[in-house]
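> Before we start, here is the structure in question, set down as structure tokens.
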Amino acid sequence: MHNNLFNNTNIEVISKYENSSVTVCPKQLIPMNKYGLFADTNETARVDSRFIAQAFDKHHDDVLRDLKNLLKPMNGLSNDFIQCNFTFTFYIDSQGQKLPCYQLTRDGFIMLIMRYTGAKANHSKELYIQHFNEMEEQIKVLRLARIEFPMLTEQIQLIHENPKSYHYSNECNLINRIVLGISAKKFREKNGLKKGTSIRPYLSSDQLKQVDTLQKIDIGLMVGIPSYQERKQKLEWYYAKIYGIKD
């Protein structure tokens, strides 16, 4: 597999785009994983062009060249499509050099890899479609957690350097099970709600108050008690103490 090597041409590319409005590196809602995928703050999954080069056994220079050709006006892509799906940005390599790369959405990725053919390329395409699916599922989990448990979500992001979807779902369902007696998934099934629907609008005012109270308590517990089972016991105790309800 090729290394990510850059030549003088790429340094010229940097100079050309350095003051351009497209050289914006998206901040990351979900940090980049080992496959080069991350979620930007608009809750969109993106992949770094350096990882595309690795996956398809190419020099990164060649991928940059392919992208440059793809994005030429003569190739028919609209400015809106380009702006939405291809972000030109930079990274710092191990030598401290500022070097160019692109960050592509699923649509941008698919548009690029159409030109890559053969059995190995098709295998890489399949794997990355799967990786995009996984990242988009993680975004959905995070989005729902942010709606239903905003304070808890922020705390998870502070505690975990690279939070996974289960960090959010486990903590949210811990509280749901104490207050509702069932997980959010079971609540949706019981009430005929579609997958991914927020359950908050369907809770009583008392249930909402109880969920928010436990959320605030859990935020404090997460700092001092990393053990899930210990926090569960503490939250159950608090719940019974505050609301006079036995498990």
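Letters A, B, ... mark the chains of the structure tokens in the order given; residue numbers begin at 1 per chain; ligand numbers begin at 1, in order shown.
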Run DSSP on the backbone and give me the residues of segment 21-127 of chain A it puts in strand (DSSP E), as a PyMOL selection string.
chain A and resi 28-30+37-40+45-48+86-92+98-105
> Counting only C-alpha atoms, what is within 8 Å of Asp62 of chain A, bar same-chain residues fewer than 4 positions away, as an MDAnalysis selection string?
chainID A and resid 53 58 66
> Residues of segment 174-240 of chain A that approach segment 146-166 of chain A to 12 Å or less, counting only C-alpha atoms: could you list each one with the shortest pair of atoms and its distance in Å to one decimal, rows by chain and increasing residue number, as JSON lines?

```
{"residue": "A:Leu174", "atom": "CA", "partner": "A:Tyr166", "partner_atom": "CA", "distance": 11.6}
{"residue": "A:Ile175", "atom": "CA", "partner": "A:Phe149", "partner_atom": "CA", "distance": 9.7}
{"residue": "A:Asn176", "atom": "CA", "partner": "A:Glu148", "partner_atom": "CA", "distance": 10.3}
{"residue": "A:Ala184", "atom": "CA", "partner": "A:Glu148", "partner_atom": "CA", "distance": 10.3}
{"residue": "A:Gly196", "atom": "CA", "partner": "A:Ile147", "partner_atom": "CA", "distance": 11.1}
{"residue": "A:Thr197", "atom": "CA", "partner": "A:Ile147", "partner_atom": "CA", "distance": 10.3}
{"residue": "A:Ser198", "atom": "CA", "partner": "A:Glu148", "partner_atom": "CA", "distance": 6.9}
{"residue": "A:Ile199", "atom": "CA", "partner": "A:Glu148", "partner_atom": "CA", "distance": 7.7}
{"residue": "A:Arg200", "atom": "CA", "partner": "A:Glu148", "partner_atom": "CA", "distance": 6.4}
{"residue": "A:Pro201", "atom": "CA", "partner": "A:Glu148", "partner_atom": "CA", "distance": 9.7}
{"residue": "A:Tyr202", "atom": "CA", "partner": "A:Glu148", "partner_atom": "CA", "distance": 11.6}
{"residue": "A:Leu203", "atom": "CA", "partner": "A:Glu148", "partner_atom": "CA", "distance": 11.0}
{"residue": "A:Leu208", "atom": "CA", "partner": "A:Glu148", "partner_atom": "CA", "distance": 9.7}
{"residue": "A:Val211", "atom": "CA", "partner": "A:Phe149", "partner_atom": "CA", "distance": 8.6}
{"residue": "A:Asp212", "atom": "CA", "partner": "A:Phe149", "partner_atom": "CA", "distance": 7.8}
{"residue": "A:Thr213", "atom": "CA", "partner": "A:Phe149", "partner_atom": "CA", "distance": 10.9}
{"residue": "A:Leu214", "atom": "CA", "partner": "A:Leu152", "partner_atom": "CA", "distance": 9.8}
{"residue": "A:Gln215", "atom": "CA", "partner": "A:Leu152", "partner_atom": "CA", "distance": 6.1}
{"residue": "A:Lys216", "atom": "CA", "partner": "A:Met151", "partner_atom": "CA", "distance": 7.4}
{"residue": "A:Ile217", "atom": "CA", "partner": "A:Leu152", "partner_atom": "CA", "distance": 9.6}
{"residue": "A:Asp218", "atom": "CA", "partner": "A:Leu152", "partner_atom": "CA", "distance": 7.5}
{"residue": "A:Ile219", "atom": "CA", "partner": "A:Leu152", "partner_atom": "CA", "distance": 5.9}
{"residue": "A:Gly220", "atom": "CA", "partner": "A:Gln155", "partner_atom": "CA", "distance": 9.0}
{"residue": "A:Leu221", "atom": "CA", "partner": "A:Gln155", "partner_atom": "CA", "distance": 10.6}
{"residue": "A:Met222", "atom": "CA", "partner": "A:Gln155", "partner_atom": "CA", "distance": 8.1}
{"residue": "A:Val223", "atom": "CA", "partner": "A:Ile159", "partner_atom": "CA", "distance": 7.5}
{"residue": "A:Gly224", "atom": "CA", "partner": "A:Ile159", "partner_atom": "CA", "distance": 10.8}
{"residue": "A:Ile225", "atom": "CA", "partner": "A:Ile159", "partner_atom": "CA", "distance": 11.6}
{"residue": "A:Pro226", "atom": "CA", "partner": "A:Ile159", "partner_atom": "CA", "distance": 9.8}
```
> Grab the residues selected above and save them as a PDB file, in the first residue's frame with N, CA and C atoms.

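out-v3.pdb, written as the output of this step:
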```pdb
ATOM      1  N   LEU A 174     -30.060   3.762  30.576  1.00  0.00           N
ATOM      2  CA  LEU A 174     -29.962   3.569  32.022  1.00  0.00           C
ATOM      3  C   LEU A 174     -31.029   4.406  32.715  1.00  0.00           C
ATOM      4  N   ILE A 175     -31.148   5.659  32.313  1.00  0.00           N
ATOM      5  CA  ILE A 175     -32.132   6.558  32.920  1.00  0.00           C
ATOM      6  C   ILE A 175     -33.545   6.182  32.499  1.00  0.00           C
ATOM      7  N   ASN A 176     -33.726   5.860  31.210  1.00  0.00           N
ATOM      8  CA  ASN A 176     -35.058   5.468  30.739  1.00  0.00           C
ATOM      9  C   ASN A 176     -35.593   4.255  31.492  1.00  0.00           C
ATOM     10  N   ALA A 184     -35.773   3.008  25.575  1.00  0.00           N
ATOM     11  CA  ALA A 184     -36.448   3.854  24.589  1.00  0.00           C
ATOM     12  C   ALA A 184     -36.964   3.013  23.421  1.00  0.00           C
ATOM     13  N   GLY A 196     -36.119   5.793  15.777  1.00  0.00           N
ATOM     14  CA  GLY A 196     -35.459   7.088  15.722  1.00  0.00           C
ATOM     15  C   GLY A 196     -36.319   8.247  16.203  1.00  0.00           C
ATOM     16  N   THR A 197     -37.611   7.978  16.486  1.00  0.00           N
ATOM     17  CA  THR A 197     -38.494   9.036  16.983  1.00  0.00           C
ATOM     18  C   THR A 197     -38.138   9.385  18.423  1.00  0.00           C
ATOM     19  N   SER A 198     -38.064  10.665  18.736  1.00  0.00           N
ATOM     20  CA  SER A 198     -37.818  11.084  20.111  1.00  0.00           C
ATOM     21  C   SER A 198     -39.010  10.699  20.976  1.00  0.00           C
ATOM     22  N   ILE A 199     -38.737  10.123  22.139  1.00  0.00           N
ATOM     23  CA  ILE A 199     -39.833   9.715  23.021  1.00  0.00           C
ATOM     24  C   ILE A 199     -40.263  10.840  23.962  1.00  0.00           C
ATOM     25  N   ARG A 200     -39.496  11.910  24.051  1.00  0.00           N
ATOM     26  CA  ARG A 200     -39.803  12.987  24.996  1.00  0.00           C
ATOM     27  C   ARG A 200     -41.215  13.550  24.831  1.00  0.00           C
ATOM     28  N   PRO A 201     -41.683  13.797  23.605  1.00  0.00           N
ATOM     29  CA  PRO A 201     -43.037  14.348  23.468  1.00  0.00           C
ATOM     30  C   PRO A 201     -44.133  13.417  23.979  1.00  0.00           C
ATOM     31  N   TYR A 202     -43.799  12.153  24.194  1.00  0.00           N
ATOM     32  CA  TYR A 202     -44.789  11.168  24.599  1.00  0.00           C
ATOM     33  C   TYR A 202     -44.727  10.847  26.096  1.00  0.00           C
ATOM     34  N   LEU A 203     -43.825  11.538  26.806  1.00  0.00           N
ATOM     35  CA  LEU A 203     -43.713  11.330  28.243  1.00  0.00           C
ATOM     36  C   LEU A 203     -44.608  12.309  28.989  1.00  0.00           C
ATOM     37  N   LEU A 208     -40.935  13.461  32.532  1.00  0.00           N
ATOM     38  CA  LEU A 208     -39.917  14.382  32.025  1.00  0.00           C
ATOM     39  C   LEU A 208     -39.094  14.966  33.155  1.00  0.00           C
ATOM     40  N   VAL A 211     -36.749  12.222  34.473  1.00  0.00           N
ATOM     41  CA  VAL A 211     -35.650  11.977  33.536  1.00  0.00           C
ATOM     42  C   VAL A 211     -34.617  13.092  33.647  1.00  0.00           C
ATOM     43  N   ASP A 212     -35.073  14.336  33.670  1.00  0.00           N
ATOM     44  CA  ASP A 212     -34.141  15.463  33.742  1.00  0.00           C
ATOM     45  C   ASP A 212     -33.391  15.497  35.069  1.00  0.00           C
ATOM     46  N   THR A 213     -34.071  15.127  36.154  1.00  0.00           N
ATOM     47  CA  THR A 213     -33.414  15.087  37.467  1.00  0.00           C
ATOM     48  C   THR A 213     -32.314  14.038  37.492  1.00  0.00           C
ATOM     49  N   LEU A 214     -32.624  12.831  37.006  1.00  0.00           N
ATOM     50  CA  LEU A 214     -31.611  11.773  36.988  1.00  0.00           C
ATOM     51  C   LEU A 214     -30.474  12.108  36.042  1.00  0.00           C
ATOM     52  N   GLN A 215     -30.793  12.805  34.959  1.00  0.00           N
ATOM     53  CA  GLN A 215     -29.757  13.218  34.022  1.00  0.00           C
ATOM     54  C   GLN A 215     -28.745  14.122  34.725  1.00  0.00           C
ATOM     55  N   LYS A 216     -29.231  15.085  35.515  1.00  0.00           N
ATOM     56  CA  LYS A 216     -28.351  16.006  36.235  1.00  0.00           C
ATOM     57  C   LYS A 216     -27.499  15.257  37.262  1.00  0.00           C
ATOM     58  N   ILE A 217     -28.112  14.307  37.951  1.00  0.00           N
ATOM     59  CA  ILE A 217     -27.370  13.522  38.943  1.00  0.00           C
ATOM     60  C   ILE A 217     -26.309  12.671  38.268  1.00  0.00           C
ATOM     61  N   ASP A 218     -26.680  12.055  37.151  1.00  0.00           N
ATOM     62  CA  ASP A 218     -25.749  11.174  36.438  1.00  0.00           C
ATOM     63  C   ASP A 218     -24.541  11.938  35.908  1.00  0.00           C
ATOM     64  N   ILE A 219     -24.743  13.196  35.524  1.00  0.00           N
ATOM     65  CA  ILE A 219     -23.627  14.022  35.051  1.00  0.00           C
ATOM     66  C   ILE A 219     -22.539  14.099  36.110  1.00  0.00           C
ATOM     67  N   GLY A 220     -22.946  14.304  37.368  1.00  0.00           N
ATOM     68  CA  GLY A 220     -21.975  14.347  38.463  1.00  0.00           C
ATOM     69  C   GLY A 220     -21.364  12.992  38.749  1.00  0.00           C
ATOM     70  N   LEU A 221     -22.188  11.944  38.690  1.00  0.00           N
ATOM     71  CA  LEU A 221     -21.690  10.596  38.991  1.00  0.00           C
ATOM     72  C   LEU A 221     -20.662  10.124  37.967  1.00  0.00           C
ATOM     73  N   MET A 222     -20.826  10.510  36.705  1.00  0.00           N
ATOM     74  CA  MET A 222     -19.936  10.033  35.651  1.00  0.00           C
ATOM     75  C   MET A 222     -18.485  10.459  35.884  1.00  0.00           C
ATOM     76  N   VAL A 223     -18.302  11.589  36.536  1.00  0.00           N
ATOM     77  CA  VAL A 223     -16.944  12.085  36.784  1.00  0.00           C
ATOM     78  C   VAL A 223     -16.228  11.225  37.820  1.00  0.00           C
ATOM     79  N   GLY A 224     -16.932  10.880  38.890  1.00  0.00           N
ATOM     80  CA  GLY A 224     -16.282  10.157  39.988  1.00  0.00           C
ATOM     81  C   GLY A 224     -16.487   8.658  39.987  1.00  0.00           C
ATOM     82  N   ILE A 225     -17.498   8.178  39.236  1.00  0.00           N
ATOM     83  CA  ILE A 225     -17.815   6.743  39.257  1.00  0.00           C
ATOM     84  C   ILE A 225     -17.857   6.224  37.820  1.00  0.00           C
ATOM     85  N   PRO A 226     -16.739   5.733  37.312  1.00  0.00           N
ATOM     86  CA  PRO A 226     -16.720   5.238  35.929  1.00  0.00           C
ATOM     87  C   PRO A 226     -17.517   3.958  35.717  1.00  0.00           C
TER      88      PRO A 226
END
```
> From the list A:Val179, A:Glu43, A:Met74, A:Gln28, which residue is nearest Gln207 of chain A when using only C-alpha atoms?
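The closest residue to Gln207 of chain A is A:Val179.
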> Run DSSP on the backbone and grab whatever in segment 29-133 of chain A lands in helix (DSSP H, G or I); send it over as a PyMOL selection string.
chain A and resi 49-55+60-70+73-75+79-85+106-113+119-133
> Find the residue from A:Gln233, A:Thr105, A:Thr117, A:Ser169 that sits nearest to Ala39 of chain A; use only C-alpha atoms when measuring.
A:Thr105
> If you take only C-alpha atoms and a cut-off of 9 Å, which residues of segment 36-113 of chain A touch segment 126-141 of chain A, and what are their nearest atom pairs and distances in Å to one decimal, in chain and number order, as JSON lines?

```
{"residue": "A:Leu37", "atom": "CA", "partner": "A:Met135", "partner_atom": "CA", "distance": 7.3}
{"residue": "A:Phe38", "atom": "CA", "partner": "A:Met135", "partner_atom": "CA", "distance": 7.2}
{"residue": "A:Ala39", "atom": "CA", "partner": "A:Ile139", "partner_atom": "CA", "distance": 7.2}
{"residue": "A:Glu43", "atom": "CA", "partner": "A:Ile139", "partner_atom": "CA", "distance": 6.4}
{"residue": "A:Thr44", "atom": "CA", "partner": "A:Glu136", "partner_atom": "CA", "distance": 7.7}
{"residue": "A:Ala45", "atom": "CA", "partner": "A:Glu136", "partner_atom": "CA", "distance": 6.2}
{"residue": "A:Arg46", "atom": "CA", "partner": "A:Phe132", "partner_atom": "CA", "distance": 8.1}
{"residue": "A:Val47", "atom": "CA", "partner": "A:Phe132", "partner_atom": "CA", "distance": 8.5}
{"residue": "A:Ile52", "atom": "CA", "partner": "A:Tyr128", "partner_atom": "CA", "distance": 8.9}
{"residue": "A:Ala55", "atom": "CA", "partner": "A:Tyr128", "partner_atom": "CA", "distance": 8.7}
{"residue": "A:Arg106", "atom": "CA", "partner": "A:Phe132", "partner_atom": "CA", "distance": 6.9}
{"residue": "A:Ile110", "atom": "CA", "partner": "A:Ile129", "partner_atom": "CA", "distance": 8.8}
```
> Please produce a file of those selected residues containing C-alpha atoms, as a short mmCIF file (atom, residue, chain, number, x, y, z; two decimals), in the first residue's frame.

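See out-v2.cif below for the written result:
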```
data_model
loop_
_atom_site.label_atom_id
_atom_site.label_comp_id
_atom_site.auth_asym_id
_atom_site.auth_seq_id
_atom_site.Cartn_x
_atom_site.Cartn_y
_atom_site.Cartn_z
CA LEU A 37 -14.57 8.88 8.70
CA PHE A 38 -15.98 11.52 11.04
CA ALA A 39 -19.12 13.62 11.49
CA GLU A 43 -24.20 15.99 11.45
CA THR A 44 -22.86 14.88 8.07
CA ALA A 45 -20.54 11.89 7.69
CA ARG A 46 -17.32 12.65 5.81
CA VAL A 47 -14.19 10.76 4.82
CA ILE A 52 -9.43 6.87 0.35
CA ALA A 55 -8.13 1.96 0.84
CA ARG A 106 -21.00 9.94 1.02
CA ILE A 110 -19.37 7.77 -4.49
#
```
> In Å to one decimal, how far is atom CA of Met114 of chain A from atom CA of Cys84 of chain A?
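One can read the atom CA of Cys84 of chain A to atom CA of Met114 of chain A distance as 18.4 Å.
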> If I take atom CA of Lys120 of chain A and atom CA of Phe88 of chain A, how far is one from the other in Å, to one decimal?
26.9 Å
> Could you please determine the separation between atom CA of Asn122 of chain A and atom CA of Asp61 of chain A in Å, to one decimal place?
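Atom CA of Asp61 of chain A lies 21.0 Å from atom CA of Asn122 of chain A.
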> For Phe51 of chain A, which of A:Phe81, A:Tyr243, A:Phe109, A:Phe187 is the closest residue, counting only C-alpha atoms?
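Between A:Phe81, A:Tyr243, A:Phe109, A:Phe187, the residue approaching Phe51 of chain A most closely is A:Phe109.
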> Go through A:Ile82, A:His59, A:Arg50, A:Tyr116 one by one, measure the shortest atom-to-atom distance of each to Cys101 of chain A using only C-alpha atoms, and give the residue with the smallest value.
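Of all the options, A:Arg50 lies closest to Cys101 of chain A.
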